[in-house]
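Student: Please find one structure pasted underneath; my questions will follow.
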Amino acid sequence: MSSNFYQRFSQQSYFKAPVDALTIKAIDMHTGGEPLRVITQGYPDIKADSLLDYRRILKQDFDHLRTAIMFEPRGHADMYGALVLPPFADKADCSVIFMHNEGYSTMCGHAVIAIMTLAMQIDWVTVIDNQATMVIEAPCGLIQAKGEIIDGQIQASFDCVPSFVTAIDQSVYVHSLKREIQYDLAYGGAFYAYVDASQIGLELIGKNHQKLAALGDEIKRAVIASSDAITHPFEADLSFLYGTIFVEAPLVHQVNDESNEDKLLESRNVCIFADGEVDRSPTGSGVSGRMALHHQKQEMTLGQSMKIQSIIGSAFIGKVTQLIDYGPHQAVIPTITGNADVCGNNEFIIQTGDPLKHGFLLR
């Protein structure tokens with residue numbers, strides 16, 4: 001037994017990485033319970049002409065870094081990441097690559113809310129009169145983000161890219177249900193199939209998350225195999241179905257009894273995305289697509305808001321802020337608002353001799 005163990009322990013409790021190891025630094029956060037690993041250091045310097053080009057190179061040549069920090073033992077099957085980069089677009093403050101268990105996303109609202117929040121907390125942006133703004137370049141386009149300090153807490157919001165509907169009241173056969181169900185297709189920075197939850201016989205609550213994940217993934221694959229409406233008007237790299245969103249019908253909450261116009265719609269949705277991930281937040285890009293859907297169905301008007309809860313009860317506020325023509329589509333610009341918190345700082349060490357250095361998953 002070493003009599004001076006605790007003396008040595010107190011003097012040196014930081015592990016210094018070997019010279020041949022790769023170190024990746026990150027700040028861990030969550031937005032409404034959905035994790036986000038903001039990668040700040042350690043990725044290679046990749047030369048690319050655009051953010052989508054960078055994303056292609058990353059996927060082709062450096063995907064082992066994604067699996068190393070998203071998968072076990074450093075992460076888990078539902079981990080999410082955001083790699084912050086210099087901007088490619090002149091109007092942007094930074095660009096961001098989003099990553100998860102399946103690969104790379106085109107848009108992530110919960111990550112935008114988290115990055116805006118972090119930017120104000122860590123002095124990446126200038127805060128004037130308790131407010132700050134930044135432009136985040138995502139693979140789907142430029143995202144206008146804003147943060148405001150209210151009662152000592154940061155509330156973050158963003159104006160999403162033009163969001164639009166490509167199909168309504170479509171049907172697909174679901175083998176596990178042994179029948180057809182109806183769905184809508186909409187884009188809010190990524191494409192989703194929206195399914196009325198009353199069709200599936202499952203409450204949108206935490207204890208059903210495994211059943212919802214399996215069913216959402218099955219529906220996603222069935223829609224991919226049968227639909228030709230998953231097409232972005234300008235960019236082929238954005239033309240893929242990201243997930244399935246189960247939706248509860250909106251309820252009307254009267255905010256002001258003296259005015260029939262002052263109403264807040266309330267709803268819940270659960271997003272199953274990537275390779276069967278269950279979003280703990282209401283899903284910012286999914287809420288953006290919902291704004292387009294509800295507006296097209298005349299269930300929401302310009303300027304109206306909806307509070308949408310997640311599977312764990314956290315909430316985003318979605319608002320139809322602007323109407324815009326976007327290629328062949330009548331689109332909306334939605335504004336999504338939420339809150340994020342920092343969980344901690346991480347320094348990941350990837351040692352050359354580690355046989356599991358690139359990660360693994362058990363589900």
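The way I read the labels, and the way they are meant: chains A, B, ... in the order of the structure tokens, residue 1 as the first residue of every chain, and ligand 1 as the first ligand shown, with later ones counted on from there.
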Determine, counting only C-alpha atoms, which protein, DNA and RNA residues have an atom within 9 Å of an atom of segment 101-103 of chain A; residues of the same chain fewer than 6 positions away are not included. Present the result as an MDAnalysis selection string.

Tutor: chainID A and resid 59 63 66:67 70:71 76:80 274:277

Student: May I have all residues of segment 47-296 of chain A that DSSP, computed from the backbone, assigns to strand (DSSP E), given as a PyMOL selection string?

Tutor: chain A and resi 81-85+94-99+104-105+131-138+141-150+153-159+164-174+179-187+191-196+241-247+251-254+263-273+277-278

Student: Determine which residues of segment 193-358 of chain A receive a DSSP assignment of alpha helix (DSSP H), computed from the backbone, and state them as a PyMOL selection string.

Tutor: chain A and resi 209-226+284-296

Student: Give me the residues within 8 Å of Pro282 of chain A as a list of chain:residue names, counting only C-alpha atoms and dropping any in the same chain fewer than 2 places off.

Tutor: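 The contact residues come out as A:Gly32, A:Arg268, A:Asn269, A:Val270, A:Cys271, A:Asp279, A:Arg280, A:Gly284, A:Gly286, A:Val287, A:Ile308, A:Gln309, A:Ser310, A:Ile311, A:Ser314, A:Ala315, A:Phe316.
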
Student: With N, CA and C atoms retained, write the just-selected residues as a compact mmCIF listing (two decimals), in the first residue's frame.

Tutor:
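part-v4.txt was written with the following content:
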# COMPACT_ATOMS: atom_id res chain seq x y z
N GLY A 32 -33.55 21.79 -23.82
CA GLY A 32 -34.78 21.07 -23.52
C GLY A 32 -34.55 19.59 -23.28
N ARG A 268 -48.00 18.84 -28.77
CA ARG A 268 -46.84 18.04 -28.41
C ARG A 268 -46.42 17.27 -29.65
N ASN A 269 -45.13 17.09 -29.82
CA ASN A 269 -44.66 16.18 -30.86
C ASN A 269 -43.43 15.41 -30.40
N VAL A 270 -43.19 14.28 -31.04
CA VAL A 270 -42.01 13.47 -30.77
C VAL A 270 -41.35 13.17 -32.10
N CYS A 271 -40.08 13.54 -32.20
CA CYS A 271 -39.32 13.35 -33.44
C CYS A 271 -38.39 12.15 -33.30
N ASP A 279 -35.62 12.49 -30.13
CA ASP A 279 -35.27 13.85 -29.72
C ASP A 279 -35.94 14.16 -28.38
N ARG A 280 -35.14 14.57 -27.41
CA ARG A 280 -35.68 14.95 -26.11
C ARG A 280 -36.30 16.34 -26.15
N GLY A 284 -36.17 21.76 -33.27
CA GLY A 284 -36.32 23.08 -33.87
C GLY A 284 -36.64 23.06 -35.34
N GLY A 286 -37.97 20.55 -36.91
CA GLY A 286 -39.27 19.91 -37.03
C GLY A 286 -40.41 20.86 -36.71
N VAL A 287 -40.21 21.70 -35.70
CA VAL A 287 -41.20 22.73 -35.39
C VAL A 287 -41.31 23.73 -36.54
N ILE A 308 -45.02 24.08 -28.35
CA ILE A 308 -44.93 22.65 -28.67
C ILE A 308 -44.02 21.98 -27.65
N GLN A 309 -44.57 20.98 -26.97
CA GLN A 309 -43.82 20.25 -25.97
C GLN A 309 -43.17 19.02 -26.58
N SER A 310 -42.12 18.55 -25.89
CA SER A 310 -41.39 17.36 -26.32
C SER A 310 -41.87 16.14 -25.54
N ILE A 311 -41.21 15.02 -25.75
CA ILE A 311 -41.56 13.78 -25.07
C ILE A 311 -41.31 13.88 -23.56
N SER A 314 -40.36 19.45 -22.17
CA SER A 314 -39.70 20.72 -22.50
C SER A 314 -40.39 21.33 -23.71
N ALA A 315 -40.27 22.63 -23.88
CA ALA A 315 -41.08 23.31 -24.90
C ALA A 315 -40.29 24.30 -25.72
N PHE A 316 -40.68 24.42 -26.99
CA PHE A 316 -40.27 25.50 -27.88
C PHE A 316 -41.53 26.29 -28.25

Student: Near His329 of chain A, counting only C-alpha atoms, which residues have an atom at most 12 Å away, once you skip same-chain residues fewer than 6 positions from it, shown as a ChimeraX atom specification?

Tutor: /A:162-167,186-187,231-234,292,296,323

Student: Measuring atom to atom with only C-alpha atoms, identify which of A:Ser239, A:Ser3, A:Ser176, A:Ser95 is nearest to Leu212 of chain A.

Tutor: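 For Leu212 of chain A, the nearest of the candidates is A:Ser176.
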
Student: Of the candidates A:Leu215, A:Met134, A:Val38, A:Val125, which one gets nearest to His175 of chain A if we count only C-alpha atoms?

Tutor: A:Leu215

Student: Name all residues at most 10 Å from Asp159 of chain A (count only C-alpha atoms; drop same-chain ones fewer than 5 positions away) and give them as a list in words.

Tutor: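 Skipping anything fewer than 5 positions along the chain leaves Gly109, Val135, Leu142, Ile143, Gln144, Ala145, Lys146, Ser288, Gly318, Lys319, Val320, Thr321, Gln322, Ile333, Pro334, Thr335, Ile336 and Thr337 of chain A.
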
Student: Tell me which protein, DNA and RNA residues are within 9 Å of segment 15-26 of chain A, counting only C-alpha atoms, leaving out same-chain ones fewer than 3 positions away, and put them as a list of chain:residue names.

Tutor: A:Gln12, A:Arg37, A:Val38, A:Ile39, A:Thr40, A:Gln41, A:Gly42, A:Tyr43, A:Ile69, A:Gly344, A:Asn345, A:Asn346, A:Glu347, A:Phe348, A:Ile349, A:Ile350, A:Gln351, A:Thr352, A:Gly353

Student: Which residues, written as a ChimeraX atom specification, have at least one atom at most 12 Å from Met116 of chain A, with only C-alpha atoms counted and residues fewer than 2 positions away on the same chain left out?

Tutor: /A:29,31,38,84,93-94,96,109-114,118-127,131-136,143-149,154-158,337-342

Student: Identify which of the residues A:Val172, A:Ala89, A:Ile97, A:Ile200 lies closest to Ile57 of chain A, counting only C-alpha atoms when measuring atom-to-atom distances.

Tutor: A:Ile97

Student: So how far away is atom CA of Met107 of chain A from atom CA of Lys91 of chain A, in Å?

Tutor: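 So the answer is 17.8 Å.
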
Student: Between A:Asp61, A:Asp217, A:Leu52, A:Ser285, which residue has the minimum interatomic distance to Leu238 of chain A, considering only C-alpha atoms?

Tutor: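 Distance minimum relative to Leu238 of chain A lands on A:Leu52.
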
Student: Which residue out of A:Asp196, A:Glu248, A:Glu235, A:Asp184 has the minimum interatomic distance to Gly289 of chain A when only C-alpha atoms are used?

Tutor: A:Asp184
